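Below: one structure, written as structure tokens.
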Amino acid sequence: MFLKRLDRYIAKTVLSTTLLVLLVLVGLFLFFTFIEELDEIGKGNYSTYHALNYVFMMTPRRTYEFFPIAALLGSLLGLGLLSNNSELTVMRASGVSIMRIGWSLIKVGLALMVLVILLGESIAPYAEQKAKNMRALAQSGQSALNTRHGLWARDGNNFIHIRRPDVGGQLEEVTFYAFDKEQRLQQLTTASSAFYYDKQWVLEDIAQTHINGNQITGERLTWQERSEFPTPNLINVLTMEPSHLSTPELYRYIDYLQQNNLHAAPYELSFWYRMIYPLTTIVSIFLALPFVFGSLRSVAVGQRILVGTLLGIVFYALNQVMGHSALLYGINPLFSALLPTLLFFMLALLLMRRIF
């Protein structure tokens, strides 16, 4: 009974501090995101309303990304408050071990983590894709839709389908549908590939069908230049990004890319980051213990927050460096995703040894 009450008390304290830290972190990021978006207002139809909507729809993704750091800072702050009020001393005097207090801490962290993962797997991908699509379409003035089956775009009476858009600029399996004012199909053009050159899209290996009443004619062309096309920037933004997919969808998409000998490294990296996300959260919480019971147990709460913030910044920067290195130098995605968490786990173990 005593331990259950202890769990509830620690959970209540750490839960409130973690949520507060998460609110501050996400709020600051969204504020600076909105400041950046002010420079984009006025491009095409992009307005203040679009900017605010964009910032709002990015909230689930940022909540998911910042939770491990918030768990570290929230744990430091919550346990720091208990330590400054001598409540941790009373717990220790009552026979409660440091590891038992740590387990109480991890349980509340795991409960929060489950909620955040559900948010990151369900709402965040949809909201982020919708936000970026809305932003790109408002700025470009074009109409487009990205689906699992490719990119659809509209330019006047022309509809364009790109089966496999590529961020690098090369497009594959492109189809044009040209309609007249009465929405009757006049021309169907398919191209095996397309690339952007001198402000024009150059189509290759073309099959073109002309429909004139009851008469249908066809021809094949080696190449053709087309101007009615989504801009390269719009295609890049609307291309399926790893963060736009849930983990099961990401796994299936990686399998599709590998089977077709396409570049899958960014998607593999994102997949492994998600797989080790629970471990990262637990390590972040575990790392708070030595800073409360160890050499920093007598310092002010503000100093603990500073230490936690610096650790969070280092962890975030290390993740970014390893991620870019994996893509640039071909490092194994699993190793790149796991290394920062392993280093911080080793740091936590090293600091914990000094306590016992």
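Ligands are numbered from 1 in the order shown, chains are lettered A, B, ... in the order of the structure tokens, and residues start at 1 in each chain.
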
Leu339 (chain A) environment, 12 Å, only C-alpha atoms, sequence neighbours closer than 4 positions dropped, as a count of residues only: 22

Can you tell me which residues surround Ser270 (chain A) at a distance of at most 7 Å, considering only C-alpha atoms, apart from same-chain residues fewer than 4 positions away, and format the answer as a tab-separated table (two decimals) with N, CA, C and O atoms, in the first residue's frame?
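Result went into result-v7.tsv, see below:
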chain	number	residue	atom	x	y	z
A	242	PRO	N	9.26	10.49	-45.07
A	242	PRO	CA	9.14	9.46	-44.03
A	242	PRO	C	8.19	9.85	-42.90
A	242	PRO	O	7.46	9.00	-42.39
A	266	PRO	N	16.69	7.11	-46.35
A	266	PRO	CA	15.98	8.04	-45.46
A	266	PRO	C	14.80	7.39	-44.75
A	266	PRO	O	14.52	7.70	-43.58
A	274	ARG	N	12.02	5.31	-35.02
A	274	ARG	CA	10.75	5.00	-34.36
A	274	ARG	C	10.82	3.72	-33.55
A	274	ARG	O	10.20	3.61	-32.50

Name the closest residue to His263 (chain A) among the candidates A:Ala71, A:Asp198, A:Gly330, A:Leu338; distances are taken between atoms, counting only C-alpha atoms.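 Among the listed residues, the smallest separation from His263 (chain A) belongs to A:Gly330.
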
Run DSSP on the backbone of this structure and report the residues of region 91-220 of chain A it assigns to alpha helix (DSSP H), as a CSV table (one decimal) with all heavy atoms, in the first residue's frame.
chain,number,residue,atom,x,y,z
A,91,MET,N,12.0,9.3,1.8
A,91,MET,CA,11.7,8.0,1.1
A,91,MET,C,12.9,7.1,1.3
A,91,MET,O,12.7,5.9,1.5
A,91,MET,CB,11.5,8.3,-0.4
A,91,MET,CG,10.3,9.1,-0.8
A,91,MET,SD,10.1,9.4,-2.5
A,91,MET,CE,8.8,10.6,-2.6
A,92,ARG,N,14.1,7.6,1.1
A,92,ARG,CA,15.3,6.8,1.3
A,92,ARG,C,15.4,6.3,2.7
A,92,ARG,O,15.8,5.1,3.0
A,92,ARG,CB,16.6,7.6,0.9
A,92,ARG,CG,16.6,8.0,-0.5
A,92,ARG,CD,17.0,6.8,-1.5
A,92,ARG,NE,18.4,6.5,-1.3
A,92,ARG,CZ,18.8,5.3,-0.9
A,92,ARG,NH1,18.0,4.3,-0.6
A,92,ARG,NH2,20.1,5.1,-0.8
A,93,ALA,N,15.1,7.1,3.7
A,93,ALA,CA,15.1,6.7,5.1
A,93,ALA,C,14.1,5.7,5.4
A,93,ALA,O,14.2,4.9,6.4
A,93,ALA,CB,15.0,8.0,6.0
A,98,ILE,N,17.0,3.6,-4.5
A,98,ILE,CA,17.0,4.5,-5.6
A,98,ILE,C,16.4,3.9,-6.9
A,98,ILE,O,15.7,4.5,-7.6
A,98,ILE,CB,18.5,4.9,-5.9
A,98,ILE,CG1,19.0,5.7,-4.7
A,98,ILE,CG2,18.6,5.7,-7.2
A,98,ILE,CD1,20.5,6.1,-4.9
A,99,MET,N,16.7,2.6,-7.1
A,99,MET,CA,16.1,1.9,-8.2
A,99,MET,C,14.6,1.8,-8.1
A,99,MET,O,13.9,1.8,-9.2
A,99,MET,CB,16.7,0.5,-8.4
A,99,MET,CG,18.2,0.5,-8.6
A,99,MET,SD,18.7,1.6,-10.0
A,99,MET,CE,17.8,0.8,-11.4
A,100,ARG,N,14.1,1.7,-6.9
A,100,ARG,CA,12.6,1.6,-6.8
A,100,ARG,C,12.0,3.0,-7.1
A,100,ARG,O,10.9,3.0,-7.7
A,100,ARG,CB,12.2,1.2,-5.3
A,100,ARG,CG,10.7,1.1,-5.1
A,100,ARG,CD,10.2,0.0,-6.0
A,100,ARG,NE,8.7,-0.2,-5.9
A,100,ARG,CZ,7.8,0.5,-6.5
A,100,ARG,NH1,8.2,1.5,-7.2
A,100,ARG,NH2,6.5,0.3,-6.3
A,101,ILE,N,12.7,4.0,-6.7
A,101,ILE,CA,12.2,5.4,-7.1
A,101,ILE,C,12.3,5.6,-8.6
A,101,ILE,O,11.4,6.1,-9.3
A,101,ILE,CB,13.0,6.5,-6.3
A,101,ILE,CG1,12.8,6.4,-4.8
A,101,ILE,CG2,12.7,7.9,-6.9
A,101,ILE,CD1,13.6,7.3,-4.0
A,102,GLY,N,13.4,5.0,-9.2
A,102,GLY,CA,13.6,5.1,-10.6
A,102,GLY,C,12.5,4.3,-11.3
A,102,GLY,O,12.0,4.8,-12.4
A,103,TRP,N,12.1,3.2,-10.8
A,103,TRP,CA,11.0,2.4,-11.4
A,103,TRP,C,9.7,3.2,-11.4
A,103,TRP,O,8.9,3.2,-12.4
A,103,TRP,CB,10.8,1.1,-10.7
A,103,TRP,CG,9.7,0.2,-11.2
A,103,TRP,CD1,8.7,-0.2,-10.4
A,103,TRP,CD2,9.4,-0.2,-12.5
A,103,TRP,NE1,7.8,-0.9,-11.2
A,103,TRP,CE2,8.2,-0.9,-12.5
A,103,TRP,CE3,10.0,0.0,-13.8
A,103,TRP,CZ2,7.6,-1.5,-13.6
A,103,TRP,CZ3,9.5,-0.6,-14.9
A,103,TRP,CH2,8.3,-1.3,-14.8
A,104,SER,N,9.4,3.9,-10.3
A,104,SER,CA,8.2,4.7,-10.2
A,104,SER,C,8.2,5.8,-11.3
A,104,SER,O,7.2,6.1,-11.9
A,104,SER,CB,8.1,5.3,-8.8
A,104,SER,OG,8.0,4.4,-7.8
A,105,LEU,N,9.4,6.3,-11.5
A,105,LEU,CA,9.6,7.4,-12.5
A,105,LEU,C,9.4,6.8,-13.9
A,105,LEU,O,8.7,7.5,-14.7
A,105,LEU,CB,11.0,7.9,-12.3
A,105,LEU,CG,11.4,9.2,-13.1
A,105,LEU,CD1,10.6,10.4,-12.4
A,105,LEU,CD2,12.9,9.5,-12.9
A,106,ILE,N,9.9,5.7,-14.2
A,106,ILE,CA,9.8,5.1,-15.5
A,106,ILE,C,8.4,4.7,-15.8
A,106,ILE,O,7.9,4.8,-17.0
A,106,ILE,CB,10.8,3.8,-15.6
A,106,ILE,CG1,12.2,4.3,-15.7
A,106,ILE,CG2,10.4,3.0,-16.9
A,106,ILE,CD1,13.2,3.2,-15.7
A,107,LYS,N,7.6,4.3,-14.8
A,107,LYS,CA,6.2,3.9,-15.1
A,107,LYS,C,5.4,5.0,-15.6
A,107,LYS,O,4.6,4.9,-16.5
A,107,LYS,CB,5.6,3.3,-13.8
A,107,LYS,CG,6.1,1.8,-13.5
A,107,LYS,CD,5.2,1.1,-12.5
A,107,LYS,CE,5.3,1.7,-11.1
A,107,LYS,NZ,4.6,1.0,-10.1
A,108,VAL,N,5.5,6.2,-15.0
A,108,VAL,CA,4.8,7.3,-15.4
A,108,VAL,C,5.3,7.8,-16.8
A,108,VAL,O,4.5,8.2,-17.7
A,108,VAL,CB,4.8,8.5,-14.4
A,108,VAL,CG1,6.2,9.0,-14.3
A,108,VAL,CG2,3.9,9.6,-14.8
A,109,GLY,N,6.6,7.6,-17.0
A,109,GLY,CA,7.1,8.0,-18.3
A,109,GLY,C,6.6,7.1,-19.4
A,109,GLY,O,6.3,7.5,-20.5
A,110,LEU,N,6.5,5.8,-19.1
A,110,LEU,CA,6.0,4.8,-20.1
A,110,LEU,C,4.5,5.1,-20.4
A,110,LEU,O,4.1,4.9,-21.6
A,110,LEU,CB,6.1,3.4,-19.6
A,110,LEU,CG,7.6,2.8,-19.5
A,110,LEU,CD1,7.6,1.5,-18.8
A,110,LEU,CD2,8.2,2.8,-20.9
A,111,ALA,N,3.7,5.4,-19.4
A,111,ALA,CA,2.3,5.7,-19.7
A,111,ALA,C,2.2,6.9,-20.6
A,111,ALA,O,1.4,6.9,-21.5
A,111,ALA,CB,1.6,6.0,-18.3
A,112,LEU,N,3.0,8.0,-20.3
A,112,LEU,CA,2.9,9.1,-21.2
A,112,LEU,C,3.4,8.8,-22.6
A,112,LEU,O,2.9,9.3,-23.6
A,112,LEU,CB,3.8,10.3,-20.6
A,112,LEU,CG,3.2,11.2,-19.6
A,112,LEU,CD1,4.2,12.1,-19.0
A,112,LEU,CD2,2.0,11.9,-20.2
A,113,MET,N,4.5,7.9,-22.7
A,113,MET,CA,5.1,7.6,-23.9
A,113,MET,C,4.1,6.9,-24.8
A,113,MET,O,4.0,7.1,-26.0
A,113,MET,CB,6.3,6.7,-23.7
A,113,MET,CG,7.0,6.3,-25.0
A,113,MET,SD,8.3,5.0,-24.6
A,113,MET,CE,7.2,3.6,-24.2
A,114,VAL,N,3.2,6.0,-24.2
A,114,VAL,CA,2.2,5.3,-25.0
A,114,VAL,C,1.3,6.3,-25.7
A,114,VAL,O,0.9,6.1,-26.9
A,114,VAL,CB,1.5,4.3,-24.1
A,114,VAL,CG1,0.3,3.7,-24.9
A,114,VAL,CG2,2.4,3.1,-23.7
A,115,LEU,N,0.9,7.3,-24.9
A,115,LEU,CA,-0.1,8.3,-25.5
A,115,LEU,C,0.6,9.1,-26.6
A,115,LEU,O,0.0,9.4,-27.6
A,115,LEU,CB,-0.5,9.2,-24.4
A,115,LEU,CG,-1.4,8.6,-23.3
A,115,LEU,CD1,-1.7,9.6,-22.2
A,115,LEU,CD2,-2.7,8.0,-23.8
A,116,VAL,N,1.9,9.4,-26.4
A,116,VAL,CA,2.6,10.2,-27.4
A,116,VAL,C,2.9,9.4,-28.7
A,116,VAL,O,2.8,9.9,-29.8
A,116,VAL,CB,3.9,10.7,-26.8
A,116,VAL,CG1,4.8,11.4,-27.9
A,116,VAL,CG2,3.7,11.7,-25.7
A,117,ILE,N,3.1,8.1,-28.5
A,117,ILE,CA,3.4,7.2,-29.7
A,117,ILE,C,2.1,7.1,-30.5
A,117,ILE,O,2.1,7.1,-31.7
A,117,ILE,CB,3.9,5.9,-29.2
A,117,ILE,CG1,5.3,6.0,-28.8
A,117,ILE,CG2,3.8,4.9,-30.4
A,117,ILE,CD1,5.9,4.7,-28.3
A,118,LEU,N,0.9,7.0,-29.8
A,118,LEU,CA,-0.3,6.9,-30.5
A,118,LEU,C,-0.6,8.2,-31.2
A,118,LEU,O,-1.1,8.2,-32.4
A,118,LEU,CB,-1.5,6.7,-29.5
A,118,LEU,CG,-1.5,5.3,-28.8
A,118,LEU,CD1,-2.6,5.2,-27.8
A,118,LEU,CD2,-1.7,4.2,-29.9
A,124,ALA,N,-0.2,12.7,-36.1
A,124,ALA,CA,0.9,13.5,-36.6
A,124,ALA,C,1.2,13.3,-38.1
A,124,ALA,O,1.4,14.3,-38.8
A,124,ALA,CB,2.2,13.1,-35.7
A,125,PRO,N,1.3,12.0,-38.6
A,125,PRO,CA,1.6,11.9,-40.0
A,125,PRO,C,0.6,12.6,-40.9
A,125,PRO,O,0.9,13.3,-41.9
A,125,PRO,CB,1.6,10.4,-40.3
A,125,PRO,CG,1.9,9.8,-38.9
A,125,PRO,CD,1.2,10.7,-38.0
A,126,TYR,N,-0.7,12.4,-40.6
A,126,TYR,CA,-1.8,13.0,-41.4
A,126,TYR,C,-1.7,14.5,-41.3
A,126,TYR,O,-1.8,15.2,-42.3
A,126,TYR,CB,-3.1,12.5,-40.9
A,126,TYR,CG,-4.3,13.2,-41.5
A,126,TYR,CD1,-4.7,12.9,-42.8
A,126,TYR,CD2,-5.0,14.2,-40.8
A,126,TYR,CE1,-5.8,13.6,-43.4
A,126,TYR,CE2,-6.1,14.8,-41.3
A,126,TYR,CZ,-6.5,14.6,-42.6
A,126,TYR,OH,-7.6,15.3,-43.1
A,127,ALA,N,-1.6,15.0,-40.1
A,127,ALA,CA,-1.6,16.5,-39.9
A,127,ALA,C,-0.4,17.2,-40.6
A,127,ALA,O,-0.5,18.2,-41.2
A,127,ALA,CB,-1.6,16.8,-38.4
A,128,GLU,N,0.8,16.5,-40.5
A,128,GLU,CA,2.0,17.1,-41.1
A,128,GLU,C,1.9,17.1,-42.6
A,128,GLU,O,2.2,18.1,-43.2
A,128,GLU,CB,3.2,16.4,-40.6
A,128,GLU,CG,4.5,17.0,-41.2
A,128,GLU,CD,5.8,16.2,-40.7
A,128,GLU,OE1,5.6,15.2,-40.0
A,128,GLU,OE2,6.9,16.7,-41.0
A,129,GLN,N,1.4,16.0,-43.2
A,129,GLN,CA,1.3,16.0,-44.6
A,129,GLN,C,0.3,17.0,-45.1
A,129,GLN,O,0.5,17.7,-46.1
A,129,GLN,CB,0.9,14.6,-45.1
A,129,GLN,CG,0.8,14.5,-46.6
A,129,GLN,CD,0.4,13.1,-47.1
A,129,GLN,OE1,0.2,12.2,-46.2
A,129,GLN,NE2,0.4,12.9,-48.4
A,130,LYS,N,-0.8,17.1,-44.4
A,130,LYS,CA,-1.8,18.1,-44.8
A,130,LYS,C,-1.3,19.5,-44.6
A,130,LYS,O,-1.6,20.4,-45.5
A,130,LYS,CB,-3.1,17.9,-43.9
A,130,LYS,CG,-4.3,18.8,-44.3
A,130,LYS,CD,-5.5,18.5,-43.5
A,130,LYS,CE,-6.7,19.4,-43.9
A,130,LYS,NZ,-7.9,19.1,-43.1
A,131,ALA,N,-0.5,19.8,-43.6
A,131,ALA,CA,0.1,21.1,-43.4
A,131,ALA,C,1.0,21.5,-44.5
A,131,ALA,O,0.9,22.6,-45.0
A,131,ALA,CB,0.8,21.2,-42.0
A,132,LYS,N,1.9,20.6,-44.9
A,132,LYS,CA,2.8,20.9,-45.9
A,132,LYS,C,2.2,21.0,-47.3
A,132,LYS,O,2.6,21.8,-48.1
A,132,LYS,CB,4.0,19.9,-45.9
A,132,LYS,CG,4.8,20.0,-44.7
A,132,LYS,CD,6.0,19.0,-44.7
A,132,LYS,CE,6.9,19.2,-43.5
A,132,LYS,NZ,8.1,18.3,-43.5
A,133,ASN,N,1.2,20.2,-47.5
A,133,ASN,CA,0.4,20.3,-48.8
A,133,ASN,C,-0.3,21.6,-48.9
A,133,ASN,O,-0.2,22.3,-49.9
A,133,ASN,CB,-0.6,19.1,-48.9
A,133,ASN,CG,0.1,17.8,-49.2
A,133,ASN,OD1,1.3,17.7,-49.3
A,133,ASN,ND2,-0.7,16.7,-49.2
A,134,MET,N,-0.9,22.0,-47.8
A,134,MET,CA,-1.7,23.3,-47.8
A,134,MET,C,-0.7,24.4,-48.0
A,134,MET,O,-1.0,25.3,-48.8
A,134,MET,CB,-2.4,23.4,-46.4
A,134,MET,CG,-3.1,24.7,-46.2
A,134,MET,SD,-2.1,26.0,-45.5
A,134,MET,CE,-1.6,25.3,-43.9
A,135,ARG,N,0.4,24.4,-47.4
A,135,ARG,CA,1.4,25.5,-47.5
A,135,ARG,C,1.9,25.6,-48.9
A,135,ARG,O,2.0,26.7,-49.5
A,135,ARG,CB,2.6,25.2,-46.5
A,135,ARG,CG,3.6,26.3,-46.5
A,135,ARG,CD,4.7,25.9,-45.4
A,135,ARG,NE,5.7,26.9,-45.2
A,135,ARG,CZ,6.8,26.9,-45.9
A,135,ARG,NH1,7.1,26.0,-46.8
A,135,ARG,NH2,7.7,27.9,-45.6
A,136,ALA,N,2.3,24.4,-49.5
A,136,ALA,CA,2.8,24.4,-50.9
A,136,ALA,C,1.8,24.9,-51.9
A,136,ALA,O,2.1,25.6,-52.8
A,136,ALA,CB,3.4,23.0,-51.2
A,137,LEU,N,0.6,24.4,-51.8
A,137,LEU,CA,-0.5,24.7,-52.7
A,137,LEU,C,-0.9,26.2,-52.6
A,137,LEU,O,-1.1,26.8,-53.6
A,137,LEU,CB,-1.7,23.8,-52.5
A,137,LEU,CG,-1.5,22.3,-52.7
A,137,LEU,CD1,-2.8,21.6,-52.3
A,137,LEU,CD2,-1.1,22.1,-54.1
A,138,ALA,N,-0.9,26.7,-51.4
A,138,ALA,CA,-1.3,28.1,-51.2
A,138,ALA,C,-0.2,29.0,-51.8
A,138,ALA,O,-0.5,30.1,-52.4
A,138,ALA,CB,-1.5,28.5,-49.8
A,139,GLN,N,1.1,28.6,-51.7
A,139,GLN,CA,2.2,29.5,-52.2
A,139,GLN,C,2.3,29.3,-53.8
A,139,GLN,O,2.7,30.3,-54.4
A,139,GLN,CB,3.5,29.1,-51.6
A,139,GLN,CG,3.5,29.5,-50.1
A,139,GLN,CD,4.9,29.1,-49.5
A,139,GLN,OE1,5.7,28.4,-50.0
A,139,GLN,NE2,5.1,29.6,-48.2
A,140,SER,N,2.0,28.2,-54.3
A,140,SER,CA,2.2,28.0,-55.7
A,140,SER,C,1.0,28.4,-56.6
A,140,SER,O,1.1,28.7,-57.7
A,140,SER,CB,2.5,26.5,-56.0
A,140,SER,OG,1.4,25.7,-55.7

Just list the residues in region 70-287 of chain A DSSP gives strand (DSSP E or B) on the backbone, as a count of residues only. 65

Find the residues near region 169-183 of chain A: any atom within 6 Å, counting only C-alpha atoms, skip ones fewer than 4 places away on the same chain, and give them as a JSON list (two decimals) with all heavy atoms, in the first residue's frame.
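result01.json, written as the output of this step:
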[["chain", "number", "residue", "atom", "x", "y", "z"],
["A", 157, "ASN", "N", -7.39, 22.85, -67.55],
["A", 157, "ASN", "CA", -8.15, 21.67, -67.95],
["A", 157, "ASN", "C", -7.28, 20.42, -68.05],
["A", 157, "ASN", "O", -7.74, 19.38, -68.53],
["A", 157, "ASN", "CB", -8.84, 21.92, -69.30],
["A", 157, "ASN", "CG", -9.97, 22.92, -69.17],
["A", 157, "ASN", "OD1", -10.63, 22.99, -68.13],
["A", 157, "ASN", "ND2", -10.19, 23.70, -70.23],
["A", 158, "ASN", "N", -6.03, 20.54, -67.63],
["A", 158, "ASN", "CA", -5.12, 19.40, -67.69],
["A", 158, "ASN", "C", -4.98, 18.78, -66.31],
["A", 158, "ASN", "O", -4.84, 19.48, -65.30],
["A", 158, "ASN", "CB", -3.73, 19.84, -68.19],
["A", 158, "ASN", "CG", -3.77, 20.36, -69.61],
["A", 158, "ASN", "OD1", -4.51, 19.84, -70.45],
["A", 158, "ASN", "ND2", -2.97, 21.37, -69.90],
["A", 159, "PHE", "N", -4.98, 17.45, -66.29],
["A", 159, "PHE", "CA", -4.73, 16.70, -65.06],
["A", 159, "PHE", "C", -3.48, 15.86, -65.27],
["A", 159, "PHE", "O", -3.30, 15.26, -66.33],
["A", 159, "PHE", "CB", -5.92, 15.81, -64.70],
["A", 159, "PHE", "CG", -7.14, 16.58, -64.27],
["A", 159, "PHE", "CD1", -8.01, 17.09, -65.22],
["A", 159, "PHE", "CD2", -7.39, 16.82, -62.93],
["A", 159, "PHE", "CE1", -9.13, 17.81, -64.85],
["A", 159, "PHE", "CE2", -8.51, 17.55, -62.54],
["A", 159, "PHE", "CZ", -9.38, 18.04, -63.50],
["A", 160, "ILE", "N", -2.64, 15.82, -64.25],
["A", 160, "ILE", "CA", -1.35, 15.14, -64.37],
["A", 160, "ILE", "C", -1.20, 14.15, -63.24],
["A", 160, "ILE", "O", -1.48, 14.47, -62.07],
["A", 160, "ILE", "CB", -0.19, 16.16, -64.33],
["A", 160, "ILE", "CG1", -0.39, 17.23, -65.41],
["A", 160, "ILE", "CG2", 1.15, 15.47, -64.49],
["A", 160, "ILE", "CD1", 0.35, 18.51, -65.13],
["A", 161, "HIS", "N", -0.78, 12.95, -63.57],
["A", 161, "HIS", "CA", -0.52, 11.93, -62.56],
["A", 161, "HIS", "C", 0.93, 11.49, -62.67],
["A", 161, "HIS", "O", 1.40, 11.13, -63.75],
["A", 161, "HIS", "CB", -1.43, 10.71, -62.74],
["A", 161, "HIS", "CG", -1.15, 9.62, -61.76],
["A", 161, "HIS", "ND1", -0.59, 8.42, -62.11],
["A", 161, "HIS", "CD2", -1.34, 9.57, -60.40],
["A", 161, "HIS", "CE1", -0.45, 7.66, -61.03],
["A", 161, "HIS", "NE2", -0.89, 8.34, -59.99],
["A", 162, "ILE", "N", 1.64, 11.53, -61.53],
["A", 162, "ILE", "CA", 3.03, 11.10, -61.47],
["A", 162, "ILE", "C", 3.10, 9.89, -60.56],
["A", 162, "ILE", "O", 2.88, 10.01, -59.35],
["A", 162, "ILE", "CB", 3.94, 12.23, -60.94],
["A", 162, "ILE", "CG1", 3.76, 13.49, -61.79],
["A", 162, "ILE", "CG2", 5.40, 11.79, -60.96],
["A", 162, "ILE", "CD1", 4.40, 14.71, -61.18],
["A", 163, "ARG", "N", 3.37, 8.75, -61.12],
["A", 163, "ARG", "CA", 3.34, 7.51, -60.34],
["A", 163, "ARG", "C", 4.44, 7.48, -59.30],
["A", 163, "ARG", "O", 4.23, 7.10, -58.16],
["A", 163, "ARG", "CB", 3.49, 6.31, -61.28],
["A", 163, "ARG", "CG", 3.47, 4.96, -60.56],
["A", 163, "ARG", "CD", 2.08, 4.64, -60.07],
["A", 163, "ARG", "NE", 2.03, 3.33, -59.45],
["A", 163, "ARG", "CZ", 2.01, 3.11, -58.14],
["A", 163, "ARG", "NH1", 2.02, 4.14, -57.32],
["A", 163, "ARG", "NH2", 1.96, 1.90, -57.66],
["A", 164, "ARG", "N", 5.65, 7.90, -59.71],
["A", 164, "ARG", "CA", 6.76, 7.86, -58.76],
["A", 164, "ARG", "C", 7.52, 9.19, -58.82],
["A", 164, "ARG", "O", 8.48, 9.34, -59.55],
["A", 164, "ARG", "CB", 7.70, 6.70, -59.08],
["A", 164, "ARG", "CG", 7.04, 5.35, -58.91],
["A", 164, "ARG", "CD", 8.02, 4.24, -58.70],
["A", 164, "ARG", "NE", 9.05, 4.18, -59.73],
["A", 164, "ARG", "CZ", 9.50, 3.03, -60.24],
["A", 164, "ARG", "NH1", 8.99, 1.91, -59.85],
["A", 164, "ARG", "NH2", 10.44, 3.03, -61.14],
["A", 165, "PRO", "N", 7.09, 10.18, -58.02],
["A", 165, "PRO", "CA", 7.84, 11.43, -57.94],
["A", 165, "PRO", "C", 9.12, 11.23, -57.15],
["A", 165, "PRO", "O", 9.14, 10.50, -56.16],
["A", 165, "PRO", "CB", 6.88, 12.37, -57.22],
["A", 165, "PRO", "CG", 5.97, 11.49, -56.45],
["A", 165, "PRO", "CD", 5.87, 10.21, -57.22],
["A", 187, "GLN", "N", -6.94, 14.41, -75.10],
["A", 187, "GLN", "CA", -5.60, 13.88, -75.35],
["A", 187, "GLN", "C", -5.09, 13.14, -74.11],
["A", 187, "GLN", "O", -5.29, 13.60, -72.99],
["A", 187, "GLN", "CB", -4.64, 15.00, -75.72],
["A", 187, "GLN", "CG", -3.25, 14.53, -76.17],
["A", 187, "GLN", "CD", -2.34, 15.70, -76.49],
["A", 187, "GLN", "OE1", -1.69, 16.25, -75.61],
["A", 187, "GLN", "NE2", -2.33, 16.11, -77.76],
["A", 188, "LEU", "N", -4.45, 12.02, -74.35],
["A", 188, "LEU", "CA", -3.84, 11.24, -73.27],
["A", 188, "LEU", "C", -2.37, 11.04, -73.61],
["A", 188, "LEU", "O", -2.04, 10.52, -74.67],
["A", 188, "LEU", "CB", -4.54, 9.89, -73.13],
["A", 188, "LEU", "CG", -3.95, 8.92, -72.08],
["A", 188, "LEU", "CD1", -4.12, 9.47, -70.68],
["A", 188, "LEU", "CD2", -4.61, 7.55, -72.21],
["A", 189, "THR", "N", -1.51, 11.50, -72.74],
["A", 189, "THR", "CA", -0.07, 11.42, -72.98],
["A", 189, "THR", "C", 0.59, 10.70, -71.80],
["A", 189, "THR", "O", 0.40, 11.09, -70.65],
["A", 189, "THR", "CB", 0.56, 12.82, -73.12],
["A", 189, "THR", "OG1", -0.09, 13.53, -74.17],
["A", 189, "THR", "CG2", 2.05, 12.71, -73.41],
["A", 190, "THR", "N", 1.35, 9.65, -72.11],
["A", 190, "THR", "CA", 2.10, 8.94, -71.07],
["A", 190, "THR", "C", 3.58, 9.01, -71.41],
["A", 190, "THR", "O", 3.98, 8.92, -72.58],
["A", 190, "THR", "CB", 1.67, 7.47, -70.97],
["A", 190, "THR", "OG1", 1.90, 6.82, -72.22],
["A", 190, "THR", "CG2", 0.19, 7.36, -70.60],
["A", 191, "ALA", "N", 4.41, 9.18, -70.36],
["A", 191, "ALA", "CA", 5.86, 9.24, -70.53],
["A", 191, "ALA", "C", 6.50, 8.36, -69.48],
["A", 191, "ALA", "O", 6.07, 8.33, -68.32],
["A", 191, "ALA", "CB", 6.36, 10.68, -70.40],
["A", 192, "SER", "N", 7.53, 7.64, -69.86],
["A", 192, "SER", "CA", 8.19, 6.75, -68.90],
["A", 192, "SER", "C", 8.97, 7.54, -67.86],
["A", 192, "SER", "O", 9.13, 7.09, -66.73],
["A", 192, "SER", "CB", 9.13, 5.79, -69.64],
["A", 192, "SER", "OG", 10.14, 6.52, -70.33],
["A", 193, "SER", "N", 9.45, 8.74, -68.24],
["A", 193, "SER", "CA", 10.21, 9.56, -67.29],
["A", 193, "SER", "C", 10.16, 11.02, -67.71],
["A", 193, "SER", "O", 9.78, 11.35, -68.84],
["A", 193, "SER", "CB", 11.67, 9.09, -67.20],
["A", 193, "SER", "OG", 12.31, 9.25, -68.46],
["A", 194, "ALA", "N", 10.56, 11.90, -66.80],
["A", 194, "ALA", "CA", 10.61, 13.34, -67.08],
["A", 194, "ALA", "C", 11.64, 13.98, -66.17],
["A", 194, "ALA", "O", 11.86, 13.54, -65.03],
["A", 194, "ALA", "CB", 9.24, 13.97, -66.85],
["A", 195, "PHE", "N", 12.29, 15.03, -66.68],
["A", 195, "PHE", "CA", 13.25, 15.78, -65.85],
["A", 195, "PHE", "C", 13.12, 17.26, -66.18],
["A", 195, "PHE", "O", 12.64, 17.65, -67.25],
["A", 195, "PHE", "CB", 14.68, 15.28, -66.08],
["A", 195, "PHE", "CG", 15.20, 15.46, -67.48],
["A", 195, "PHE", "CD1", 15.88, 16.61, -67.86],
["A", 195, "PHE", "CD2", 15.00, 14.46, -68.43],
["A", 195, "PHE", "CE1", 16.35, 16.78, -69.15],
["A", 195, "PHE", "CE2", 15.46, 14.62, -69.74],
["A", 195, "PHE", "CZ", 16.14, 15.78, -70.09]]

Can you list, as a ChimeraX atom specification, every protein, DNA or RNA residue that comes within 9 Å of region 72-81 of chain A when you count only C-alpha atoms, leaving out same-chain residues fewer than 6 positions away? /A:10,13-22,87-88,105,109,281,283-289,291-292,297,299-302,304-305,307-309,311-312

Could you please determine the separation between CA of Leu327 (chain A) and CA of Ala264 (chain A) in Å, to one decimal place? 9.9 Å

Quick one: everything within 9 Å of Gly218 (chain A), counting only C-alpha atoms, minus sequence neighbours fewer than 5 positions away in the same chain. Send it as a list in words.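 Residues meeting the cut-off are Ala207, Gln208, Thr209, His210 and Ile211 of chain A.
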
Selection export as a short mmCIF file (atom, residue, chain, number, x, y, z; two decimals), in the first residue's frame, atoms kept: C-alpha atoms:
data_model
loop_
_atom_site.label_atom_id
_atom_site.label_comp_id
_atom_site.auth_asym_id
_atom_site.auth_seq_id
_atom_site.Cartn_x
_atom_site.Cartn_y
_atom_site.Cartn_z
CA ALA A 207 2.98 7.49 -76.10
CA GLN A 208 0.34 10.02 -77.12
CA THR A 209 -3.32 9.38 -77.93
CA HIS A 210 -5.56 12.01 -79.61
CA ILE A 211 -9.35 11.79 -79.29
#
